[in-house]
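J.: Submitted below is the structure of interest, expressed as structure tokens.
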Amino acid sequence: FCVAPSLQNYHPDVARLDDSELLWSVAVEKMHAVITELGLTDITLVIFDAGALIGYQLASVYPELMLRVVGMDIGFAPTTHVPAFVGTLDDVTPFQVAIINAFVDDDDATIQAFFESFRTTFLLPCLDCEISPGNNTGPNGVTATLGWPQYGFVRTDYPWTEAFDTPVADFEFNYMPSFPADAPFLFLWASEHFIFPGQLEWIDARGEADGVSEQMQIEDSDHWVMLRQASQVNDKLASWFAATDLVFAEPSTTMIEPSTTMDSAESGDAAASICTHTALFISMMVFVLKI
């Protein structure tokens, strides 16, 4: 199976959820509910952008489900570096501040204009991107509901740091308490913009220990590595999956394009297709792969 659920509240045709549900921890549990419902195990988790944050926490809370993890351009680091925590906008980026304010004010117009400005700088995955054409939400289908993952950094009513049994002081990494001990990790990145201190060094050390974890810079790309350099990314995924298959003593894998779509207002949109194993892919949407 290849499972590709989007993050909750990301589809403009679905009514905005109550703020008490728009939490990273709730998203993790909804992803876990999908995994449980489908009976998925030995998951290849492929994560990108906002989905990476949720995905790393999913792997931290449910490490027994993870066969291997692939992160794209958004990573994590040992706790020598900590992110902006609850109650402050001081350390988040201007991009995040704009998204957070639009979400809090439920201001579709502002967030639409903000995303439209990206077209001139090519920070969108494509120049003619539309999220939901024809839904009458504006020129690009973007609504303020998109901002809830960013708001999670700073909200004080449900602090994200209190969603774990582990105190923040005991976190091994900046966004989650731990990482699955036995899951190989591949990190593909474009520039140092999203790289934390100690991040690449930790991955290199893990690779020396398990023989397969690694990090690789994707040349001539921006944040959208899988779109800008699709062949380079796909070739690396194929070779790395084959290498880890040898570690797991499993047959080599074949990736197939998603073919079936399932919609759910509660857990997000999901796309599933037949692969040779199970894969979960979490992006700005989220995905789980059984390969």
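By convention in this document, the chains of the structure tokens carry letters A, B, ... by their order, each chain's residues are numbered from 1, and ligands are numbered from 1 in the order they are shown.
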When you look at Asp220 of chain A with a cut-off of 9 Å (counting only C-alpha atoms), what residues show up, excluding the ones that are within fewer than 2 positions of it in the same chain? I need them as a VMD selection string.
T.: chain A and resid 190 218 222 228 to 229
J.: Which of segment 63-234 of chain A counts as strand (DSSP E or B) under DSSP, as a PyMOL selection string please?
T.: chain A and resi 66-72+78+173+185-189+214-217
J.: When DSSP is applied to the backbone of this structure, which of segment 181-243 of chain A are assigned helix (DSSP H, G or I)? Write them out as a PyMOL selection string.
T.: chain A and resi 192-194+199-210+225-228+230-243
J.: My list of candidates is A:Gln150, A:Thr161, A:Gln57, A:Ser6. Which is closest to Val34 of chain A when distances are computed with only C-alpha atoms?
T.: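 Among the listed residues, the smallest separation from Val34 of chain A belongs to A:Ser6.
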J.: Give me, as a list of chain:residue names, all polymer residues having an atom no more than 9 Å from Asp107 of chain A, counting only C-alpha atoms and skipping those fewer than 6 positions away in the same chain.
T.: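 Once the nearby chain positions are removed, what remains is A:Asn101, A:Thr143, A:Ala144, A:Thr145.
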J.: Using only C-alpha atoms, which of the listed residues (A:Asp182, A:Thr79, A:Ile54, A:Gly147) sits closest to Gln112 of chain A?
T.: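 Comparing A:Asp182, A:Thr79, A:Ile54, A:Gly147 against Gln112 of chain A, the winner is A:Gly147.
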J.: What's the 8 Å shell around Leu22 of chain A, counting only C-alpha atoms, without same-chain residues fewer than 3 positions away, as a CSV table (one decimal) with C-alpha atoms, in the first residue's frame?
T.:
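Writing the result to out-v8.csv gives the following:
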chain,number,residue,atom,x,y,z
A,8,GLN,CA,-6.4,17.9,8.8
A,9,ASN,CA,-8.1,21.2,8.0
A,17,LEU,CA,-12.4,22.2,12.9
A,18,ASP,CA,-12.6,23.4,16.4
A,19,ASP,CA,-9.2,24.8,17.6
A,26,VAL,CA,-4.3,15.3,17.5
A,27,ALA,CA,-2.9,15.0,14.0
A,148,TRP,CA,-2.8,25.7,12.2
A,149,PRO,CA,0.5,23.8,12.2
J.: What lies within 10 Å of Asp210 of chain A using only C-alpha atoms, ignoring chain neighbours under 3 positions off, as a list in words?
T.: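 In the requested form, the answer reads Asp182, Ala183, Pro184, Phe185, Ala205, Arg206, Gly207, Ser213, Glu214 and Val247 of chain A.
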J.: Keeping only all heavy atoms, write the selected residues as a PDB file, in the first residue's frame.
T.:
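again.pdb was written with the following content:
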ATOM      1  N   ASP A 182      15.785   1.714  15.824  1.00  0.00           N
ATOM      2  CA  ASP A 182      16.184   0.732  14.817  1.00  0.00           C
ATOM      3  C   ASP A 182      15.751   1.078  13.395  1.00  0.00           C
ATOM      4  O   ASP A 182      15.939   0.268  12.487  1.00  0.00           O
ATOM      5  CB  ASP A 182      15.609  -0.644  15.186  1.00  0.00           C
ATOM      6  CG  ASP A 182      16.119  -1.130  16.530  1.00  0.00           C
ATOM      7  OD1 ASP A 182      17.300  -0.868  16.840  1.00  0.00           O
ATOM      8  OD2 ASP A 182      15.335  -1.757  17.268  1.00  0.00           O
ATOM      9  N   ALA A 183      15.186   2.269  13.187  1.00  0.00           N
ATOM     10  CA  ALA A 183      14.700   2.639  11.856  1.00  0.00           C
ATOM     11  C   ALA A 183      15.773   3.426  11.110  1.00  0.00           C
ATOM     12  O   ALA A 183      16.158   4.519  11.539  1.00  0.00           O
ATOM     13  CB  ALA A 183      13.423   3.470  11.960  1.00  0.00           C
ATOM     14  N   PRO A 184      16.268   2.921   9.973  1.00  0.00           N
ATOM     15  CA  PRO A 184      17.203   3.706   9.162  1.00  0.00           C
ATOM     16  C   PRO A 184      16.561   5.022   8.734  1.00  0.00           C
ATOM     17  O   PRO A 184      15.348   5.094   8.502  1.00  0.00           O
ATOM     18  CB  PRO A 184      17.463   2.795   7.956  1.00  0.00           C
ATOM     19  CG  PRO A 184      17.184   1.420   8.449  1.00  0.00           C
ATOM     20  CD  PRO A 184      16.051   1.569   9.413  1.00  0.00           C
ATOM     21  N   PHE A 185      17.390   6.057   8.592  1.00  0.00           N
ATOM     22  CA  PHE A 185      16.891   7.402   8.290  1.00  0.00           C
ATOM     23  C   PHE A 185      17.641   7.965   7.095  1.00  0.00           C
ATOM     24  O   PHE A 185      18.873   7.992   7.070  1.00  0.00           O
ATOM     25  CB  PHE A 185      17.085   8.307   9.506  1.00  0.00           C
ATOM     26  CG  PHE A 185      16.594   9.721   9.316  1.00  0.00           C
ATOM     27  CD1 PHE A 185      15.358   9.995   8.755  1.00  0.00           C
ATOM     28  CD2 PHE A 185      17.387  10.788   9.715  1.00  0.00           C
ATOM     29  CE1 PHE A 185      14.901  11.302   8.593  1.00  0.00           C
ATOM     30  CE2 PHE A 185      16.950  12.109   9.565  1.00  0.00           C
ATOM     31  CZ  PHE A 185      15.705  12.359   8.997  1.00  0.00           C
ATOM     32  N   ALA A 205      26.608  10.197  11.960  1.00  0.00           N
ATOM     33  CA  ALA A 205      26.992   9.273  13.027  1.00  0.00           C
ATOM     34  C   ALA A 205      26.068   8.066  13.071  1.00  0.00           C
ATOM     35  O   ALA A 205      26.511   6.932  13.301  1.00  0.00           O
ATOM     36  CB  ALA A 205      26.978   9.998  14.371  1.00  0.00           C
ATOM     37  N   ARG A 206      24.800   8.304  12.824  1.00  0.00           N
ATOM     38  CA  ARG A 206      23.849   7.190  12.799  1.00  0.00           C
ATOM     39  C   ARG A 206      24.182   6.248  11.640  1.00  0.00           C
ATOM     40  O   ARG A 206      24.091   5.020  11.776  1.00  0.00           O
ATOM     41  CB  ARG A 206      22.422   7.725  12.665  1.00  0.00           C
ATOM     42  CG  ARG A 206      21.324   6.657  12.825  1.00  0.00           C
ATOM     43  CD  ARG A 206      19.951   7.301  12.709  1.00  0.00           C
ATOM     44  NE  ARG A 206      18.871   6.345  12.880  1.00  0.00           N
ATOM     45  CZ  ARG A 206      18.310   6.029  14.044  1.00  0.00           C
ATOM     46  NH1 ARG A 206      18.755   6.610  15.162  1.00  0.00           N
ATOM     47  NH2 ARG A 206      17.309   5.158  14.112  1.00  0.00           N
ATOM     48  N   GLY A 207      24.560   6.823  10.496  1.00  0.00           N
ATOM     49  CA  GLY A 207      24.929   6.004   9.357  1.00  0.00           C
ATOM     50  C   GLY A 207      26.158   5.155   9.619  1.00  0.00           C
ATOM     51  O   GLY A 207      26.236   4.003   9.170  1.00  0.00           O
ATOM     52  N   SER A 213      21.772   4.636   7.306  1.00  0.00           N
ATOM     53  CA  SER A 213      21.255   5.995   7.451  1.00  0.00           C
ATOM     54  C   SER A 213      22.213   6.973   6.785  1.00  0.00           C
ATOM     55  O   SER A 213      23.437   6.816   6.864  1.00  0.00           O
ATOM     56  CB  SER A 213      21.095   6.358   8.930  1.00  0.00           C
ATOM     57  OG  SER A 213      20.071   5.599   9.530  1.00  0.00           O
ATOM     58  N   GLU A 214      21.659   8.001   6.128  1.00  0.00           N
ATOM     59  CA  GLU A 214      22.523   8.971   5.463  1.00  0.00           C
ATOM     60  C   GLU A 214      21.757  10.250   5.141  1.00  0.00           C
ATOM     61  O   GLU A 214      20.531  10.294   5.170  1.00  0.00           O
ATOM     62  CB  GLU A 214      23.124   8.392   4.191  1.00  0.00           C
ATOM     63  CG  GLU A 214      22.116   8.016   3.121  1.00  0.00           C
ATOM     64  CD  GLU A 214      22.780   7.507   1.838  1.00  0.00           C
ATOM     65  OE1 GLU A 214      23.562   8.276   1.246  1.00  0.00           O
ATOM     66  OE2 GLU A 214      22.516   6.351   1.451  1.00  0.00           O
ATOM     67  N   VAL A 247      19.291  -5.032   4.349  1.00  0.00           N
ATOM     68  CA  VAL A 247      19.413  -5.067   5.801  1.00  0.00           C
ATOM     69  C   VAL A 247      18.255  -5.835   6.416  1.00  0.00           C
ATOM     70  O   VAL A 247      18.422  -6.629   7.339  1.00  0.00           O
ATOM     71  CB  VAL A 247      19.463  -3.635   6.375  1.00  0.00           C
ATOM     72  CG1 VAL A 247      19.410  -3.659   7.899  1.00  0.00           C
ATOM     73  CG2 VAL A 247      20.720  -2.921   5.890  1.00  0.00           C
TER      74      VAL A 247
END
J.: Name the closest residue to Met31 of chain A among the candidates A:Leu89, A:Ala59, A:Val154, A:Leu188; distances are taken between atoms, counting only C-alpha atoms.
T.: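 Of A:Leu89, A:Ala59, A:Val154, A:Leu188, the one nearest Met31 of chain A is A:Ala59, counting only C-alpha atoms.
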J.: Can you pull out the residues contacting segment 200-204 of chain A? Cut-off 12 Å, using only C-alpha atoms, and skip same-chain residues under 6 positions away; I want them as a PDB file with N, CA, C and O atoms, in the first residue's frame.
T.:
ATOM      1  N   VAL A  69      12.589   5.685   7.738  1.00  0.00           N
ATOM      2  CA  VAL A  69      12.042   7.042   7.650  1.00  0.00           C
ATOM      3  C   VAL A  69      12.837   7.836   6.619  1.00  0.00           C
ATOM      4  O   VAL A  69      14.076   7.792   6.603  1.00  0.00           O
ATOM      5  N   VAL A  70      12.123   8.563   5.751  1.00  0.00           N
ATOM      6  CA  VAL A  70      12.731   9.471   4.780  1.00  0.00           C
ATOM      7  C   VAL A  70      12.209  10.874   5.061  1.00  0.00           C
ATOM      8  O   VAL A  70      11.005  11.115   4.998  1.00  0.00           O
ATOM      9  N   GLY A  71      13.102  11.807   5.372  1.00  0.00           N
ATOM     10  CA  GLY A  71      12.730  13.199   5.566  1.00  0.00           C
ATOM     11  C   GLY A  71      13.233  14.038   4.403  1.00  0.00           C
ATOM     12  O   GLY A  71      14.343  13.818   3.917  1.00  0.00           O
ATOM     13  N   ASP A  73      13.994  17.855   3.327  1.00  0.00           N
ATOM     14  CA  ASP A  73      14.305  19.274   3.503  1.00  0.00           C
ATOM     15  C   ASP A  73      13.918  19.857   4.853  1.00  0.00           C
ATOM     16  O   ASP A  73      14.354  20.952   5.183  1.00  0.00           O
ATOM     17  N   ILE A  74      13.096  19.193   5.627  1.00  0.00           N
ATOM     18  CA  ILE A  74      12.796  19.623   6.993  1.00  0.00           C
ATOM     19  C   ILE A  74      13.231  18.502   7.918  1.00  0.00           C
ATOM     20  O   ILE A  74      12.711  17.383   7.833  1.00  0.00           O
ATOM     21  N   GLY A  75      14.193  18.797   8.775  1.00  0.00           N
ATOM     22  CA  GLY A  75      14.718  17.764   9.642  1.00  0.00           C
ATOM     23  C   GLY A  75      14.552  18.095  11.107  1.00  0.00           C
ATOM     24  O   GLY A  75      13.659  18.842  11.505  1.00  0.00           O
ATOM     25  N   PHE A  76      15.417  17.545  11.907  1.00  0.00           N
ATOM     26  CA  PHE A  76      15.420  17.780  13.349  1.00  0.00           C
ATOM     27  C   PHE A  76      16.857  17.686  13.812  1.00  0.00           C
ATOM     28  O   PHE A  76      17.746  17.295  13.049  1.00  0.00           O
ATOM     29  N   ALA A  77      17.102  18.043  15.040  1.00  0.00           N
ATOM     30  CA  ALA A  77      18.481  18.048  15.523  1.00  0.00           C
ATOM     31  C   ALA A  77      18.530  17.692  16.996  1.00  0.00           C
ATOM     32  O   ALA A  77      17.523  17.783  17.707  1.00  0.00           O
ATOM     33  N   PRO A  78      19.704  17.275  17.474  1.00  0.00           N
ATOM     34  CA  PRO A  78      19.875  17.084  18.913  1.00  0.00           C
ATOM     35  C   PRO A  78      19.523  18.360  19.663  1.00  0.00           C
ATOM     36  O   PRO A  78      19.558  19.450  19.102  1.00  0.00           O
ATOM     37  N   THR A  79      19.198  18.222  20.922  1.00  0.00           N
ATOM     38  CA  THR A  79      18.654  19.354  21.670  1.00  0.00           C
ATOM     39  C   THR A  79      19.665  20.440  22.012  1.00  0.00           C
ATOM     40  O   THR A  79      19.390  21.293  22.842  1.00  0.00           O
ATOM     41  N   THR A  80      20.823  20.416  21.367  1.00  0.00           N
ATOM     42  CA  THR A  80      21.706  21.574  21.469  1.00  0.00           C
ATOM     43  C   THR A  80      21.052  22.783  20.809  1.00  0.00           C
ATOM     44  O   THR A  80      21.451  23.922  21.027  1.00  0.00           O
ATOM     45  N   GLU A 172      15.413  14.305  23.487  1.00  0.00           N
ATOM     46  CA  GLU A 172      16.673  14.056  22.800  1.00  0.00           C
ATOM     47  C   GLU A 172      16.826  14.951  21.570  1.00  0.00           C
ATOM     48  O   GLU A 172      17.943  15.192  21.115  1.00  0.00           O
ATOM     49  N   PHE A 173      15.687  15.418  21.040  1.00  0.00           N
ATOM     50  CA  PHE A 173      15.695  16.223  19.815  1.00  0.00           C
ATOM     51  C   PHE A 173      14.785  17.439  19.988  1.00  0.00           C
ATOM     52  O   PHE A 173      14.007  17.516  20.926  1.00  0.00           O
ATOM     53  N   PHE A 179      13.743   9.333  18.631  1.00  0.00           N
ATOM     54  CA  PHE A 179      13.608   8.851  17.261  1.00  0.00           C
ATOM     55  C   PHE A 179      13.749   7.336  17.299  1.00  0.00           C
ATOM     56  O   PHE A 179      14.533   6.810  18.097  1.00  0.00           O
ATOM     57  N   PRO A 184      16.268   2.921   9.973  1.00  0.00           N
ATOM     58  CA  PRO A 184      17.203   3.706   9.162  1.00  0.00           C
ATOM     59  C   PRO A 184      16.561   5.022   8.734  1.00  0.00           C
ATOM     60  O   PRO A 184      15.348   5.094   8.502  1.00  0.00           O
ATOM     61  N   PHE A 185      17.390   6.057   8.592  1.00  0.00           N
ATOM     62  CA  PHE A 185      16.891   7.402   8.290  1.00  0.00           C
ATOM     63  C   PHE A 185      17.641   7.965   7.095  1.00  0.00           C
ATOM     64  O   PHE A 185      18.873   7.992   7.070  1.00  0.00           O
ATOM     65  N   LEU A 186      16.881   8.408   6.079  1.00  0.00           N
ATOM     66  CA  LEU A 186      17.442   9.100   4.923  1.00  0.00           C
ATOM     67  C   LEU A 186      16.919  10.521   4.932  1.00  0.00           C
ATOM     68  O   LEU A 186      15.712  10.743   4.998  1.00  0.00           O
ATOM     69  N   PHE A 187      17.839  11.495   4.838  1.00  0.00           N
ATOM     70  CA  PHE A 187      17.433  12.896   4.808  1.00  0.00           C
ATOM     71  C   PHE A 187      17.937  13.538   3.524  1.00  0.00           C
ATOM     72  O   PHE A 187      19.142  13.573   3.255  1.00  0.00           O
ATOM     73  N   LEU A 188      16.993  14.030   2.702  1.00  0.00           N
ATOM     74  CA  LEU A 188      17.328  14.703   1.446  1.00  0.00           C
ATOM     75  C   LEU A 188      17.059  16.189   1.619  1.00  0.00           C
ATOM     76  O   LEU A 188      15.955  16.580   2.014  1.00  0.00           O
ATOM     77  N   TRP A 189      18.048  17.026   1.298  1.00  0.00           N
ATOM     78  CA  TRP A 189      17.898  18.453   1.558  1.00  0.00           C
ATOM     79  C   TRP A 189      18.482  19.270   0.413  1.00  0.00           C
ATOM     80  O   TRP A 189      19.299  18.802  -0.366  1.00  0.00           O
ATOM     81  N   GLU A 192      20.990  25.044   3.123  1.00  0.00           N
ATOM     82  CA  GLU A 192      21.198  25.047   4.568  1.00  0.00           C
ATOM     83  C   GLU A 192      20.166  25.889   5.306  1.00  0.00           C
ATOM     84  O   GLU A 192      20.241  26.026   6.530  1.00  0.00           O
ATOM     85  N   PHE A 194      17.122  25.339   6.138  1.00  0.00           N
ATOM     86  CA  PHE A 194      16.348  24.622   7.142  1.00  0.00           C
ATOM     87  C   PHE A 194      17.214  23.647   7.961  1.00  0.00           C
ATOM     88  O   PHE A 194      16.675  22.779   8.641  1.00  0.00           O
ATOM     89  N   ASP A 210      24.682   2.240  11.818  1.00  0.00           N
ATOM     90  CA  ASP A 210      23.786   1.222  11.264  1.00  0.00           C
ATOM     91  C   ASP A 210      24.126   0.842   9.820  1.00  0.00           C
ATOM     92  O   ASP A 210      23.567  -0.106   9.269  1.00  0.00           O
ATOM     93  N   GLY A 211      25.018   1.608   9.175  1.00  0.00           N
ATOM     94  CA  GLY A 211      25.461   1.264   7.835  1.00  0.00           C
ATOM     95  C   GLY A 211      24.555   1.710   6.707  1.00  0.00           C
ATOM     96  O   GLY A 211      24.894   1.515   5.527  1.00  0.00           O
ATOM     97  N   VAL A 212      23.405   2.321   7.022  1.00  0.00           N
ATOM     98  CA  VAL A 212      22.466   2.694   5.961  1.00  0.00           C
ATOM     99  C   VAL A 212      21.897   4.105   6.095  1.00  0.00           C
ATOM    100  O   VAL A 212      21.529   4.732   5.095  1.00  0.00           O
ATOM    101  N   SER A 213      21.772   4.636   7.306  1.00  0.00           N
ATOM    102  CA  SER A 213      21.255   5.995   7.451  1.00  0.00           C
ATOM    103  C   SER A 213      22.213   6.973   6.785  1.00  0.00           C
ATOM    104  O   SER A 213      23.437   6.816   6.864  1.00  0.00           O
ATOM    105  N   GLU A 214      21.659   8.001   6.128  1.00  0.00           N
ATOM    106  CA  GLU A 214      22.523   8.971   5.463  1.00  0.00           C
ATOM    107  C   GLU A 214      21.757  10.250   5.141  1.00  0.00           C
ATOM    108  O   GLU A 214      20.531  10.294   5.170  1.00  0.00           O
ATOM    109  N   GLN A 215      22.511  11.291   4.825  1.00  0.00           N
ATOM    110  CA  GLN A 215      21.952  12.546   4.353  1.00  0.00           C
ATOM    111  C   GLN A 215      22.579  12.892   3.018  1.00  0.00           C
ATOM    112  O   GLN A 215      23.740  12.574   2.763  1.00  0.00           O
ATOM    113  N   MET A 216      21.795  13.539   2.148  1.00  0.00           N
ATOM    114  CA  MET A 216      22.269  13.857   0.804  1.00  0.00           C
ATOM    115  C   MET A 216      21.706  15.198   0.374  1.00  0.00           C
ATOM    116  O   MET A 216      20.496  15.439   0.491  1.00  0.00           O
ATOM    117  N   GLN A 217      22.562  16.065  -0.121  1.00  0.00           N
ATOM    118  CA  GLN A 217      22.105  17.342  -0.651  1.00  0.00           C
ATOM    119  C   GLN A 217      21.666  17.165  -2.096  1.00  0.00           C
ATOM    120  O   GLN A 217      22.374  16.575  -2.911  1.00  0.00           O
TER     121      GLN A 217
END
J.: Please report the interatomic distance between atom CA of Tyr10 of chain A and atom CA of Ala98 of chain A in Å with one decimal.
T.: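 One can read the atom CA of Tyr10 of chain A to atom CA of Ala98 of chain A distance as 17.0 Å.
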J.: Grab the atom CA of Leu23 of chain A to atom CA of Asp42 of chain A distance for me, in Å with one decimal place.
T.: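 Atom CA of Asp42 of chain A lies at a distance of 25.8 Å from atom CA of Leu23 of chain A.
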J.: Can you work out which one of A:Met176, A:Pro63, A:Phe114, A:Leu7 has the shortest atom-to-atom distance to Phe48 of chain A, counting only C-alpha atoms?
T.: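 Result for the nearest residue to Phe48 of chain A: A:Leu7.
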J.: I want to know what sits within 9 Å of Pro177 of chain A, based on only C-alpha atoms, with residues of the same chain fewer than 4 positions away left out; could you give that as a list in words?
T.: Gln57, Ser60, Val61, Phe164, Asp165, Thr166, Pro167, Val168, Asp170, Phe171, Glu172 and Phe173 of chain A
J.: Write out, as a compact mmCIF listing (two decimals), in the first residue's frame, the residues just selected, with C-alpha atoms.
T.:
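After the write, part01.txt holds the following:
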# COMPACT_ATOMS: atom_id res chain seq x y z
CA GLN A 57 6.39 13.05 16.19
CA SER A 60 8.60 9.17 18.12
CA VAL A 61 5.31 8.13 19.69
CA PHE A 164 4.30 13.96 25.51
CA ASP A 165 4.93 11.96 28.66
CA THR A 166 8.57 13.08 28.47
CA PRO A 167 9.42 16.50 29.95
CA VAL A 168 10.94 18.96 27.47
CA ASP A 170 14.57 15.28 28.65
CA PHE A 171 13.91 15.57 24.89
CA GLU A 172 16.67 14.06 22.80
CA PHE A 173 15.70 16.22 19.81
J.: Which residue out of A:Leu227, A:Ile111, A:Met72, A:Val14 has the minimum interatomic distance to Ser191 of chain A when only C-alpha atoms are used?
T.: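 Among the listed residues, the smallest separation from Ser191 of chain A belongs to A:Met72.
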